[in-house]
$ cat final_26.cif   # mmCIF, C-alpha atoms
data_entry
#
loop_
_atom_site.group_PDB
_atom_site.id
_atom_site.type_symbol
_atom_site.label_atom_id
_atom_site.label_comp_id
_atom_site.auth_asym_id
_atom_site.auth_seq_id
_atom_site.Cartn_x
_atom_site.Cartn_y
_atom_site.Cartn_z
ATOM 1 C CA MET A 1 254.946 -4.999 145.348
ATOM 2 C CA ASP A 2 256.983 -8.025 144.294
ATOM 3 C CA LYS A 3 256.611 -10.110 141.136
ATOM 4 C CA ILE A 4 255.028 -13.124 142.885
ATOM 5 C CA SER A 5 252.322 -10.943 144.467
ATOM 6 C CA ILE A 6 251.532 -9.375 141.109
ATOM 7 C CA GLN A 7 251.272 -12.793 139.465
ATOM 8 C CA LYS A 8 248.978 -14.096 142.206
ATOM 9 C CA ILE A 9 246.659 -11.105 141.762
ATOM 10 C CA MET A 10 246.403 -11.834 138.028
ATOM 11 C CA LEU A 11 245.804 -15.547 138.519
ATOM 12 C CA ARG A 12 243.176 -14.909 141.201
ATOM 13 C CA ARG A 13 241.457 -12.453 138.867
ATOM 14 C CA LEU A 14 241.060 -15.217 136.291
ATOM 15 C CA LYS A 15 240.299 -18.041 138.735
ATOM 16 C CA TYR A 16 237.897 -16.393 141.186
ATOM 17 C CA ASP A 17 236.098 -13.909 138.954
ATOM 18 C CA ILE A 18 232.294 -14.126 138.686
ATOM 19 C CA HIS A 19 232.838 -16.327 135.628
ATOM 20 C CA PRO A 20 236.179 -18.160 136.010
ATOM 21 C CA LYS A 21 238.339 -18.065 132.883
ATOM 22 C CA TRP A 22 239.588 -21.605 132.237
ATOM 23 C CA GLY A 23 240.326 -22.951 128.753
ATOM 24 C CA ALA A 24 237.910 -21.628 126.127
ATOM 25 C CA SER A 25 236.389 -19.014 128.467
ATOM 26 C CA HIS A 26 238.549 -15.917 128.087
ATOM 27 C CA THR A 27 238.686 -12.192 128.785
ATOM 28 C CA GLU A 28 240.642 -9.234 127.427
ATOM 29 C CA GLU A 29 244.194 -8.973 128.732
ATOM 30 C CA ILE A 30 243.522 -5.402 129.856
ATOM 31 C CA ASN A 31 241.031 -6.743 132.431
ATOM 32 C CA LEU A 32 243.921 -8.320 134.348
ATOM 33 C CA PHE A 33 245.245 -4.856 135.133
ATOM 34 C CA LYS A 34 241.996 -3.623 136.690
ATOM 35 C CA ARG A 35 242.881 -5.183 140.075
ATOM 36 C CA PHE A 36 245.872 -2.845 140.399
ATOM 37 C CA LYS A 37 245.900 0.756 141.517
ATOM 38 C CA THR A 38 246.052 3.184 138.619
ATOM 39 C CA HIS A 39 249.702 4.099 139.185
ATOM 40 C CA MET A 40 250.713 0.421 138.768
ATOM 41 C CA ARG A 41 248.721 -0.403 135.632
ATOM 42 C CA GLY A 42 250.930 -0.783 132.600
ATOM 43 C CA THR A 43 254.230 -0.528 134.490
ATOM 44 C CA LYS A 44 257.237 -2.593 133.410
ATOM 45 C CA GLU A 45 256.995 -4.568 136.635
ATOM 46 C CA VAL A 46 253.419 -5.675 135.940
ATOM 47 C CA LYS A 47 254.109 -6.435 132.271
ATOM 48 C CA LYS A 48 257.170 -8.545 133.146
ATOM 49 C CA ALA A 49 255.139 -10.523 135.684
ATOM 50 C CA LEU A 50 252.500 -11.219 133.026
ATOM 51 C CA GLU A 51 255.118 -12.254 130.457
ATOM 52 C CA GLU A 52 256.544 -14.725 132.953
ATOM 53 C CA LEU A 53 253.077 -16.242 133.460
ATOM 54 C CA TYR A 54 252.907 -16.751 129.692
ATOM 55 C CA LYS A 55 256.345 -18.428 129.734
ATOM 56 C CA MET A 56 255.283 -20.674 132.645
ATOM 57 C CA GLU A 57 252.238 -21.558 130.485
ATOM 58 C CA PHE A 58 249.837 -20.699 133.320
ATOM 59 C CA ILE A 59 247.980 -18.297 131.034
ATOM 60 C CA ASN A 60 246.993 -18.872 127.407
ATOM 61 C CA LYS A 61 247.057 -15.919 125.012
ATOM 62 C CA TYR A 62 244.616 -15.535 122.097
ATOM 63 C CA MET A 63 244.044 -12.873 119.452
ATOM 64 C CA LYS A 64 240.313 -12.158 119.217
ATOM 65 C CA CYS A 65 238.737 -9.206 117.423
ATOM 66 C CA GLY A 66 242.105 -7.460 117.231
ATOM 67 C CA GLU A 67 242.572 -7.622 121.000
ATOM 68 C CA VAL A 68 244.678 -9.933 123.166
ATOM 69 C CA HIS A 69 242.504 -12.270 125.232
ATOM 70 C CA VAL A 70 243.678 -14.547 128.051
ATOM 71 C CA SER A 71 242.528 -17.584 130.008
ATOM 72 C CA LEU A 72 243.988 -20.006 132.517
ATOM 73 C CA ASN A 73 245.624 -23.115 131.089
ATOM 74 C CA ILE A 74 243.414 -26.033 132.177
ATOM 75 C CA ASN A 75 246.357 -28.425 131.707
ATOM 76 C CA LYS A 76 248.288 -26.537 134.423
ATOM 77 C CA LYS A 77 245.424 -26.399 136.935
ATOM 78 C CA LYS A 78 247.302 -28.298 139.657
ATOM 79 C CA GLU A 79 250.435 -26.153 139.263
ATOM 80 C CA ILE A 80 248.385 -22.937 139.313
ATOM 81 C CA GLU A 81 246.606 -23.945 142.516
ATOM 82 C CA GLU A 82 249.931 -24.887 144.160
ATOM 83 C CA PHE A 83 251.402 -21.527 143.094
ATOM 84 C CA LEU A 84 248.464 -19.654 144.631
ATOM 85 C CA GLU A 85 248.803 -21.583 147.917
ATOM 86 C CA GLN A 86 252.477 -20.602 148.374
#
$ encode --input "final_26.cif" --output "C-alpha cells"
Amino acid sequence: MDKISIQKIMLRRLKYDIHPKWGASHTEEINLFKRFKTHMRGTKEVKKALEELYKMEFINKYMKCGEVHVSLNINKKKEIEEFLEQ
C-alpha cells in the first residue's frame, strides 16, 4: 500500500466517521489505525504517512488526558477535499 492511499484512509476516517472530526471535535490518534489490517498498524510506513499529514497541516494534534488526540484542520478543508478527490 502506498503512502497516498494510507493518508486517504486516515483522512476519510476523520471526515466520514459517524461523528466527523473537524476542529474542536477530536478522537484519539490510535483510532486512525483501526481502519488498517492488524499487520499494518504501527508500521513505519503508516507512521510516516501520518507525520506527513501533520506537516501538511491537514490534521491537528492535541494532548488530552495524556493521550494524543487528532482532528481535521478546518482551515484546510478545501485542500483536504481536493486531496481526497485525487
$ atom_distance --input "final_26.cif" --atom1 "atom CA of A:Val68" --atom2 "atom CA of A:Glu82"
26.3 Å
$ residues_around --input "final_26.cif" --residues "A:Ile59" --least-positions-apart "4" --cutoff "12 Å" --atoms "only C-alpha atoms" --output "PyMOL selection string"
chain A and resi 7-8+10-15+21-27+29+32+49-55+68-77+79-80
$ closest_residue --input "final_26.cif" --among "A:Met1, A:Met56, A:Ile18, A:Leu84" --to "A:Met40" --atoms "all atoms listed in the file"
A:Met1
$ closest_residue --input "final_26.cif" --among "A:Phe83, A:Lys78, A:Tyr62, A:Lys47" --to "A:Glu28" --atoms "all atoms listed in the file"
A:Tyr62
$ closest_residue --input "final_26.cif" --among "A:Pro20, A:Ser5, A:Asn60, A:Cys65" --to "A:Phe36" --atoms "all atoms listed in the file"
A:Ser5
$ atom_distance --input "final_26.cif" --atom1 "atom CA of A:Phe58" --atom2 "atom CA of A:Glu81"
10.3 Å
$ atom_distance --input "final_26.cif" --atom1 "atom CA of A:Lys48" --atom2 "atom CA of A:Lys61"
14.9 Å
$ build_atoms --input "final_26.cif" --residues "stretch 5-36 of chain A" --atoms "N, CA and C atoms" --output "short mmCIF file (atom, residue, chain, number, x, y, z; two decimals), in the coordinates of the input"
data_model
loop_
_atom_site.label_atom_id
_atom_site.label_comp_id
_atom_site.auth_asym_id
_atom_site.auth_seq_id
_atom_site.Cartn_x
_atom_site.Cartn_y
_atom_site.Cartn_z
N SER A 5 253.61 -11.53 144.05
CA SER A 5 252.32 -10.94 144.47
C SER A 5 251.52 -10.47 143.27
N ILE A 6 252.19 -9.86 142.32
CA ILE A 6 251.53 -9.38 141.11
C ILE A 6 250.95 -10.55 140.33
N GLN A 7 251.73 -11.62 140.20
CA GLN A 7 251.27 -12.79 139.46
C GLN A 7 250.08 -13.44 140.16
N LYS A 8 250.10 -13.50 141.47
CA LYS A 8 248.98 -14.10 142.21
C LYS A 8 247.70 -13.28 142.02
N ILE A 9 247.83 -11.96 141.99
CA ILE A 9 246.66 -11.10 141.76
C ILE A 9 246.05 -11.41 140.40
N MET A 10 246.90 -11.55 139.37
CA MET A 10 246.40 -11.83 138.03
C MET A 10 245.74 -13.21 137.95
N LEU A 11 246.37 -14.20 138.55
CA LEU A 11 245.80 -15.55 138.52
C LEU A 11 244.49 -15.61 139.28
N ARG A 12 244.43 -14.93 140.42
CA ARG A 12 243.18 -14.91 141.20
C ARG A 12 242.07 -14.21 140.43
N ARG A 13 242.44 -13.18 139.69
CA ARG A 13 241.46 -12.45 138.87
C ARG A 13 240.79 -13.42 137.88
N LEU A 14 241.60 -14.27 137.27
CA LEU A 14 241.06 -15.22 136.29
C LEU A 14 240.35 -16.40 136.95
N LYS A 15 240.85 -16.85 138.09
CA LYS A 15 240.30 -18.04 138.74
C LYS A 15 239.04 -17.77 139.54
N TYR A 16 239.00 -16.65 140.26
CA TYR A 16 237.90 -16.39 141.19
C TYR A 16 236.93 -15.31 140.72
N ASP A 17 237.02 -14.91 139.49
CA ASP A 17 236.10 -13.91 138.95
C ASP A 17 234.68 -14.48 138.98
N ILE A 18 233.69 -13.67 138.72
CA ILE A 18 232.29 -14.13 138.69
C ILE A 18 232.17 -15.32 137.74
N HIS A 19 232.80 -15.22 136.59
CA HIS A 19 232.84 -16.33 135.63
C HIS A 19 234.30 -16.71 135.45
N PRO A 20 234.77 -17.77 136.12
CA PRO A 20 236.18 -18.16 136.01
C PRO A 20 236.60 -18.38 134.56
N LYS A 21 237.83 -18.02 134.26
CA LYS A 21 238.34 -18.07 132.88
C LYS A 21 239.31 -19.23 132.71
N TRP A 22 238.79 -20.40 132.49
CA TRP A 22 239.59 -21.60 132.24
C TRP A 22 239.37 -22.02 130.79
N GLY A 23 240.43 -22.40 130.11
CA GLY A 23 240.33 -22.95 128.75
C GLY A 23 239.70 -22.00 127.76
N ALA A 24 238.55 -22.40 127.20
CA ALA A 24 237.91 -21.63 126.13
C ALA A 24 237.24 -20.35 126.62
N SER A 25 236.95 -20.24 127.91
CA SER A 25 236.39 -19.01 128.47
C SER A 25 237.53 -18.02 128.66
N HIS A 26 237.44 -16.86 128.04
CA HIS A 26 238.55 -15.92 128.09
C HIS A 26 238.06 -14.50 128.28
N THR A 27 238.98 -13.61 128.59
CA THR A 27 238.69 -12.19 128.78
C THR A 27 239.83 -11.37 128.19
N GLU A 28 239.59 -10.09 127.97
CA GLU A 28 240.64 -9.23 127.43
C GLU A 28 241.78 -9.11 128.43
N GLU A 29 243.00 -9.08 127.90
CA GLU A 29 244.19 -8.97 128.73
C GLU A 29 244.14 -7.73 129.62
N ILE A 30 243.58 -6.67 129.10
CA ILE A 30 243.52 -5.40 129.86
C ILE A 30 242.74 -5.56 131.16
N ASN A 31 241.81 -6.52 131.21
CA ASN A 31 241.03 -6.74 132.43
C ASN A 31 241.89 -7.25 133.58
N LEU A 32 243.02 -7.86 133.29
CA LEU A 32 243.92 -8.32 134.35
C LEU A 32 244.49 -7.15 135.14
N PHE A 33 244.63 -6.01 134.49
CA PHE A 33 245.24 -4.86 135.13
C PHE A 33 244.27 -4.08 136.02
N LYS A 34 242.99 -4.38 135.94
CA LYS A 34 242.00 -3.62 136.69
C LYS A 34 242.05 -3.86 138.20
N ARG A 35 242.73 -4.90 138.64
CA ARG A 35 242.88 -5.18 140.07
C ARG A 35 243.97 -4.32 140.72
N PHE A 36 244.77 -3.65 139.89
CA PHE A 36 245.87 -2.84 140.40
C PHE A 36 245.47 -1.39 140.51
#
